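Asker: work35.csv (CSV, C-alpha atoms) pasted underneath:
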```csv
chain,number,residue,atom,x,y,z
T,1,MET,CA,0.0,0.0,0.0
T,2,ASN,CA,1.4,3.4,-1.0
T,3,ASN,CA,-1.1,5.5,1.0
T,4,LEU,CA,-1.3,6.4,4.7
T,5,LEU,CA,-4.2,7.7,6.8
T,6,ILE,CA,-2.5,9.4,9.8
T,7,THR,CA,-4.1,11.4,12.6
T,8,THR,CA,-4.9,11.7,16.2
T,9,PHE,CA,-8.2,10.5,17.8
T,10,GLY,CA,-10.1,10.5,21.1
T,11,GLU,CA,-13.2,8.9,22.5
T,12,TYR,CA,-15.3,10.6,19.8
T,13,ASN,CA,-14.2,9.2,16.4
T,14,HIS,CA,-15.3,7.5,13.2
T,15,LEU,CA,-12.7,4.8,13.1
T,16,GLU,CA,-15.3,2.1,12.4
T,17,HIS,CA,-16.2,3.8,9.2
T,18,TRP,CA,-12.7,4.6,8.1
T,19,LEU,CA,-11.5,1.0,8.6
T,20,GLY,CA,-14.7,-0.8,7.7
T,21,GLY,CA,-13.7,-2.5,4.4
T,22,ASP,CA,-10.9,-3.4,2.0
T,23,ARG,CA,-8.4,-0.6,2.1
T,24,ASN,CA,-5.8,0.7,-0.3
T,25,PHE,CA,-4.2,2.6,2.6
T,26,ASP,CA,-2.3,1.9,5.9
T,27,VAL,CA,-3.2,3.6,9.1
T,28,ALA,CA,-1.2,5.3,11.8
T,29,LEU,CA,-3.0,6.6,14.9
T,30,MET,CA,-2.3,8.5,18.1
T,31,ASN,CA,-4.9,8.3,20.9
T,32,TYR,CA,-4.6,11.7,22.5
T,33,ASP,CA,-7.0,11.5,25.4
T,34,TYR,CA,-6.1,8.1,26.9
T,35,HIS,CA,-9.6,6.6,26.9
T,36,GLU,CA,-9.6,2.9,26.4
T,37,MET,CA,-8.0,1.9,23.1
T,38,PRO,CA,-10.4,0.0,20.8
T,39,SER,CA,-9.4,-3.6,21.2
T,40,ASP,CA,-9.3,-4.4,17.4
T,41,LEU,CA,-7.0,-1.5,16.4
T,42,CYS,CA,-3.7,-3.2,16.9
T,43,GLY,CA,-4.1,-5.5,13.9
T,44,LYS,CA,-5.2,-2.7,11.7
T,45,CYS,CA,-2.5,-0.1,12.2
T,46,VAL,CA,1.1,0.2,11.2
T,47,TYR,CA,1.6,2.6,14.1
T,48,LEU,CA,-0.5,3.0,17.2
T,49,ASP,CA,0.3,4.9,20.4
T,50,SER,CA,-1.3,6.9,23.2
T,51,HIS,CA,0.0,10.4,24.1
T,52,THR,CA,-1.6,13.6,25.2
T,53,THR,CA,-1.2,16.0,22.3
T,54,PHE,CA,-2.9,18.2,19.7
T,55,LYS,CA,-3.5,16.9,16.2
T,56,TYR,CA,-0.7,18.4,14.1
T,57,PRO,CA,2.1,18.2,16.8
T,58,GLY,CA,0.9,14.6,17.3
T,59,ILE,CA,1.2,13.8,13.6
T,60,TYR,CA,4.7,15.4,13.6
T,61,GLU,CA,5.7,13.3,16.5
T,62,MET,CA,4.6,10.1,14.8
T,63,LEU,CA,6.4,10.9,11.6
T,64,PHE,CA,9.6,12.0,13.5
T,65,ASP,CA,9.7,9.0,15.8
T,66,GLU,CA,8.9,6.4,13.1
T,67,PRO,CA,10.8,7.4,9.9
T,68,SER,CA,9.3,4.3,8.1
T,69,LEU,CA,6.0,6.2,7.9
T,70,LEU,CA,7.7,8.6,5.4
T,71,LYS,CA,7.7,6.0,2.7
T,72,TYR,CA,4.2,6.5,1.4
T,73,ASP,CA,3.2,8.3,-1.8
T,74,TYR,CA,0.1,10.0,-0.3
T,75,TYR,CA,-1.1,11.0,3.2
T,76,TRP,CA,-4.6,11.9,4.4
T,77,LEU,CA,-4.9,13.7,7.8
T,78,PRO,CA,-8.6,13.8,8.8
T,79,ASP,CA,-10.0,15.3,12.0
T,80,GLU,CA,-11.5,12.6,14.2
T,81,ASP,CA,-15.0,14.0,13.5
T,82,ILE,CA,-14.7,13.5,9.7
T,83,LEU,CA,-17.1,10.8,8.5
T,84,LEU,CA,-16.1,9.0,5.3
T,85,ASN,CA,-16.2,5.2,4.7
T,86,THR,CA,-13.4,3.1,3.5
T,87,GLU,CA,-14.5,3.1,-0.1
T,88,GLY,CA,-14.6,6.9,-0.1
T,89,ILE,CA,-11.1,7.1,1.3
T,90,ASN,CA,-9.8,4.7,-1.3
T,91,THR,CA,-11.3,6.9,-4.0
T,92,LEU,CA,-9.7,10.0,-2.5
T,93,PHE,CA,-6.3,8.5,-2.7
T,94,ASP,CA,-6.8,7.1,-6.2
T,95,LYS,CA,-8.0,10.4,-7.6
T,96,ALA,CA,-5.1,12.3,-6.0
T,97,ARG,CA,-2.6,9.9,-7.6
T,98,THR,CA,-4.3,10.0,-11.0
T,99,LEU,CA,-4.3,13.8,-11.0
T,100,ASN,CA,-0.8,14.0,-9.6
T,101,LEU,CA,-1.9,16.4,-6.8
T,102,ASP,CA,0.3,17.7,-4.0
T,103,LEU,CA,-2.4,19.2,-1.8
T,104,ALA,CA,-6.0,18.1,-1.9
T,105,GLN,CA,-9.1,17.5,0.2
T,106,PRO,CA,-12.6,16.1,-0.2
T,107,SER,CA,-15.7,18.4,-0.4
T,108,VAL,CA,-17.9,18.8,2.7
T,109,GLU,CA,-21.6,18.1,3.0
T,110,ASN,CA,-23.7,21.0,4.2
T,111,SER,CA,-26.7,19.6,6.1
T,112,ILE,CA,-28.3,19.3,9.5
T,113,SER,CA,-25.7,16.6,10.3
T,114,SER,CA,-22.6,18.1,8.6
T,115,PHE,CA,-21.0,21.4,9.4
T,116,PRO,CA,-18.6,23.0,6.9
T,117,SER,CA,-16.1,25.5,8.1
T,118,TRP,CA,-15.3,27.1,4.7
T,119,GLU,CA,-18.0,27.9,2.2
T,120,GLN,CA,-15.5,27.3,-0.6
T,121,PHE,CA,-15.3,23.6,0.1
T,122,ILE,CA,-19.1,22.8,0.3
T,123,HIS,CA,-20.0,20.0,-2.1
T,124,LYS,CA,-21.3,21.1,-5.5
T,125,GLU,CA,-23.4,18.8,-7.7
T,126,GLY,CA,-22.1,17.7,-11.0
T,127,VAL,CA,-18.4,18.5,-10.7
T,128,ASP,CA,-15.6,16.0,-10.2
T,129,ILE,CA,-12.9,18.4,-8.9
T,130,PHE,CA,-12.3,22.0,-8.2
T,131,MET,CA,-8.8,23.5,-8.6
T,132,THR,CA,-7.9,25.5,-5.5
T,133,ASN,CA,-5.0,27.5,-4.1
T,134,PHE,CA,-5.4,26.2,-0.5
T,135,VAL,CA,-6.9,23.4,1.5
T,136,GLU,CA,-8.2,23.5,5.1
T,137,ILE,CA,-6.7,21.8,8.1
T,138,MET,CA,-9.7,19.7,8.7
T,139,CYS,CA,-9.0,16.9,6.3
T,140,PRO,CA,-6.0,17.7,4.0
T,141,LEU,CA,-4.3,15.2,1.7
T,142,PHE,CA,-0.6,15.5,0.9
T,143,SER,CA,1.8,14.0,-1.6
T,144,ARG,CA,5.0,12.8,0.0
T,145,LYS,CA,6.9,15.7,-1.6
T,146,ALA,CA,4.4,18.2,-0.1
T,147,LEU,CA,4.4,16.5,3.3
T,148,LEU,CA,8.2,16.6,3.6
T,149,LYS,CA,8.1,20.3,2.8
T,150,CYS,CA,5.3,21.1,5.2
T,151,MET,CA,6.0,18.6,8.0
T,152,ASN,CA,8.0,21.0,10.1
T,153,THR,CA,5.1,23.4,10.3
T,154,PHE,CA,3.0,20.8,12.1
T,155,ARG,CA,4.8,21.3,15.4
T,156,LYS,CA,4.4,25.1,15.2
T,157,SER,CA,0.6,25.3,15.7
T,158,ASN,CA,-1.2,23.4,18.4
T,159,SER,CA,-4.5,24.8,17.2
T,160,GLY,CA,-3.8,24.2,13.5
T,161,TRP,CA,-4.5,27.8,12.8
T,162,GLY,CA,-2.3,29.3,10.2
T,163,LEU,CA,-1.1,26.0,8.7
T,164,ASP,CA,-3.5,26.0,5.7
T,165,ILE,CA,-2.3,29.6,5.0
T,166,VAL,CA,1.4,28.8,4.7
T,167,TRP,CA,1.2,25.3,3.1
T,168,PRO,CA,0.5,26.6,-0.4
T,169,LYS,CA,3.4,29.0,-0.3
T,170,ILE,CA,5.7,26.2,1.0
T,171,VAL,CA,4.5,23.6,-1.6
T,172,GLY,CA,4.2,26.0,-4.5
T,173,ASN,CA,1.0,26.4,-6.5
T,174,THR,CA,1.5,25.4,-10.1
T,175,GLY,CA,-2.2,26.0,-11.0
T,176,GLY,CA,-2.8,22.2,-11.3
T,177,ASN,CA,-1.4,20.6,-8.2
T,178,MET,CA,-4.0,21.6,-5.6
T,179,ALA,CA,-7.6,20.5,-5.8
T,180,VAL,CA,-10.9,19.9,-4.0
T,181,ILE,CA,-11.9,16.3,-4.9
T,182,ASN,CA,-15.6,17.3,-5.0
T,183,SER,CA,-16.9,13.8,-5.9
T,184,VAL,CA,-15.7,12.5,-2.6
T,185,VAL,CA,-17.9,14.0,0.1
T,186,VAL,CA,-17.3,13.9,3.8
T,187,LYS,CA,-19.5,14.8,6.8
T,188,HIS,CA,-18.1,17.1,9.5
T,189,THR,CA,-20.2,15.7,12.3
T,190,ARG,CA,-19.5,18.2,15.1
T,191,LYS,CA,-20.4,21.8,14.9
T,192,ILE,CA,-17.5,24.2,14.6
T,193,SER,CA,-15.7,24.8,17.9
T,194,THR,CA,-17.7,22.2,19.8
T,195,GLY,CA,-15.0,19.6,20.3
T,196,THR,CA,-12.4,19.6,23.1
T,197,LEU,CA,-9.7,21.4,21.1
T,198,TYR,CA,-10.6,25.0,22.2
T,199,THR,CA,-11.2,24.0,25.8
T,200,ASP,CA,-7.8,22.4,25.9
T,201,LEU,CA,-6.1,25.4,24.2
T,202,GLN,CA,-7.7,27.7,26.7
T,203,ARG,CA,-6.7,25.6,29.6
T,204,LYS,CA,-3.1,25.7,28.3
T,205,ARG,CA,-3.3,29.4,27.5
T,206,ILE,CA,-2.6,28.9,23.8
T,207,SER,CA,-4.0,31.5,21.5
T,208,PRO,CA,-4.9,30.3,18.0
T,209,TYR,CA,-4.8,33.9,16.7
T,210,ARG,CA,-1.2,34.2,18.0
T,211,GLU,CA,-0.2,31.0,16.4
T,212,LYS,CA,-1.6,32.1,13.1
T,213,ARG,CA,0.1,35.5,13.2
T,214,GLN,CA,3.4,33.9,14.1
T,215,LEU,CA,3.2,31.5,11.2
T,216,MET,CA,2.2,34.2,8.8
T,217,ALA,CA,5.2,36.3,9.9
T,218,GLU,CA,7.7,33.4,9.8
T,219,TYR,CA,6.6,32.4,6.2
T,220,LYS,CA,6.0,36.0,5.1
T,221,VAL,CA,2.3,35.5,4.2
T,222,SER,CA,0.1,38.6,4.1
T,223,SER,CA,-3.6,39.2,4.7
T,224,ILE,CA,-3.9,39.7,0.9
T,225,ASP,CA,-2.7,36.1,0.4
T,226,ILE,CA,-5.5,35.0,2.7
T,227,GLN,CA,-8.1,37.0,0.9
T,228,THR,CA,-7.1,35.5,-2.5
T,229,HIS,CA,-8.0,31.9,-1.4
T,230,GLU,CA,-10.5,30.8,-3.9
T,231,TYR,CA,-11.2,27.9,-6.2
T,232,ARG,CA,-12.0,27.5,-9.8
T,233,ILE,CA,-13.4,24.7,-12.0
T,234,PRO,CA,-11.1,23.4,-14.7
T,235,ASP,CA,-12.5,23.7,-18.2
T,236,ASN,CA,-12.6,19.9,-18.7
T,237,HIS,CA,-14.7,19.5,-15.6
T,238,LEU,CA,-17.5,22.1,-16.3
```
Could you render the structure as C-alpha cells?
Answerer:
Amino acid sequence: MNNLLITTFGEYNHLEHWLGGDRNFDVALMNYDYHEMPSDLCGKCVYLDSHTTFKYPGIYEMLFDEPSLLKYDYYWLPDEDILLNTEGINTLFDKARTLNLDLAQPSVENSISSFPSWEQFIHKEGVDIFMTNFVEIMCPLFSRKALLKCMNTFRKSNSGWGLDIVWPKIVGNTGGNMAVINSVVVKHTRKISTGTLYTDLQRKRISPYREKRQLMAEYKVSSIDIQTHEYRIPDNHL
C-alpha cells in the first residue's frame, strides 16, 4: 500500500467507518486522550500509540519518531469527526494519484448533520474536482513531496490555525497541483468549535490567533494572500 491515513483521535471518532472494508491505505494513529483503546485496532495499524497531544504536533511526533512512515506516496490527515467510509477514502487516494496532486481535500456536505467551516469547500453537484489555491486543516491530503516540505510546520501550531495559510506557499502552487476532490464528500459531524480542542487550548493558554500570526510572519504570508484563497473549476470539468 502506498497511502497512509495518519491522525490523532479521542473517545469521539469515526474509526469504524474509516476502517470498515478493504483498504488501499495503511493507518497510523495516536490516541490523544487516553480513553480505552479499541481492542481491534492493533491488527489494523502500522503505528498505534497513546500520548496527550494536539492533532498536528501529534502527527509530527509520529512521523519524526517512526521514519518508516515517510515511505508512502500519499497521506490523508482527517480530524476525528470527519465521517467517510473506506471506499470513499480509497477513491480520495486514487484520484489524488491520478491527478498528480500535491495538496487536496474532499468536499464537505452542508446539512443538519454536517457542518462545513469554509464555504469554498461545500459539495457542489455535477463536478468531479475544483482546482484551488489552498486546503483547510480539517482533512487535507498531501503527496509525500508536499508532506516533507510542510511537516516541520505541524509542530508550530497546536490549534492548527495558520497552517493552511502557509502550506500553499511552501509547496508552490502550479495551478494544477492543488484541488478539492468534489466527488468524494465527507461529513463534518460536530459543529464548529464544539469539540475539546478549544477547551484544551484555553486551559493551556494557547492563542490560535497568535499561532496564526506567528506562522504568517515566519513564512511572510500577508492578509492579501488569505483573501485570495479561492477555487476554480477546470475547463474539462465544467
Asker: Which value, in Å to one decimal, gives the distance between CA of Leu69 (chain T) and CA of Leu4 (chain T)?
Answerer: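 Computing it gives 8.0 Å between the two atoms.
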Asker: Could you tell me how far CA of Thr86 (chain T) sits from CA of Glu11 (chain T), in Å to one decimal place?
Answerer: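 The value is 19.9 Å.
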Asker: Within 6 Å of (-3.0, 3.7, 23.4), in the coordinates the file gives, what residues turn up when you count only C-alpha atoms, written out as a list in words?
Answerer: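 Final list of nearby residues, as requested, is Asn31, Met37, Asp49 and Ser50 of chain T.
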Asker: Could you check the closest approach to Lys124 (chain T) for each of T:Leu48, T:Val185, T:Leu84, T:Ala217 and tell me which residue wins, using all atoms listed in the file?
Answerer: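 Of T:Leu48, T:Val185, T:Leu84, T:Ala217, the one nearest Lys124 (chain T) is T:Val185, counting all atoms listed in the file.
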Asker: Using 10 Å as the limit and counting only C-alpha atoms, can you tabulate each residue of region 85-170 of chain T that touches region 201-210 of chain T, with its shortest atom-to-atom distance in Å and the two atoms involved, as a Markdown table?
Answerer:
```
| residue | atom | partner | partner_atom | distance |
| --- | --- | --- | --- | --- |
| T:Ser157 | CA | T:Pro208 | CA | 7.8 |
| T:Asn158 | CA | T:Ile206 | CA | 7.8 |
| T:Ser159 | CA | T:Pro208 | CA | 5.6 |
| T:Gly160 | CA | T:Pro208 | CA | 7.7 |
| T:Trp161 | CA | T:Pro208 | CA | 5.8 |
| T:Gly162 | CA | T:Pro208 | CA | 8.3 |
```
Asker: Place a sphere of radius 7 Å on (-9.7, 20.1, -4.4) in the file coordinates and name every protein, DNA or RNA residue with an atom inside or on its surface, counting only C-alpha atoms; give the answer as a PyMOL selection string.
Answerer: chain T and resi 104-106+129-132+178-182
Asker: Show me, as a list in words, the residues that have an atom within 9 Å of Ser113 (chain T) when counting all atoms listed in the file, minus same-chain residues fewer than 3 positions from it.
Answerer: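 Once the adjacent positions are removed, what remains is Glu109, Asn110, Lys187, His188, Thr189, Arg190 and Lys191 of chain T.
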Asker: With C-alpha atoms retained, export the selected residues as a compact mmCIF listing (two decimals), in the frame of the given file.
Answerer:
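As written to disk, part_39.txt reads:
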```txt
# COMPACT_ATOMS: atom_id res chain seq x y z
CA GLU T 109 -21.60 18.10 3.00
CA ASN T 110 -23.70 21.00 4.20
CA LYS T 187 -19.50 14.80 6.80
CA HIS T 188 -18.10 17.10 9.50
CA THR T 189 -20.20 15.70 12.30
CA ARG T 190 -19.50 18.20 15.10
CA LYS T 191 -20.40 21.80 14.90
```
Asker: Could you list, as a list in words, every residue within 12 Å of Leu63 (chain T), counting only C-alpha atoms and ignoring same-chain residues fewer than 3 positions away?
Answerer: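 My reading of the contact set: Leu4, Ile6, Thr7, Ala28, Leu29, Met30, Val46, Tyr47, Leu48, Tyr56, Pro57, Gly58, Ile59, Tyr60, Glu66, Pro67, Ser68, Leu69, Leu70, Lys71, Tyr72, Tyr75, Arg144, Leu147, Leu148, Met151, Asn152, Phe154 and Arg155 of chain T.
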Asker: Quick one: of T:Leu197, T:Leu103, T:Val135, T:Ala96, who's nearest to Thr52 (chain T), counting all atoms listed in the file?
Answerer: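 Nearest candidate to Thr52 (chain T) out of T:Leu197, T:Leu103, T:Val135, T:Ala96: T:Leu197.
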Asker: Enclose region 24-36 of chain T, meaning all of its atoms listed in the file, in a box aligned along x, y and z, pad it by 4 Å on each side, and list the centre and edge lengths in Å to one decimal, as JSON.
Answerer:
```
{"center_x": -5.4, "center_y": 6.2, "center_z": 13.3, "size_x": 16.4, "size_y": 19.0, "size_z": 35.2}
```
Asker: For CA of Ile89 (chain T) and CA of Gly175 (chain T), determine how far apart the two atoms are, in Å to one decimal place.
Answerer: 24.2 Å
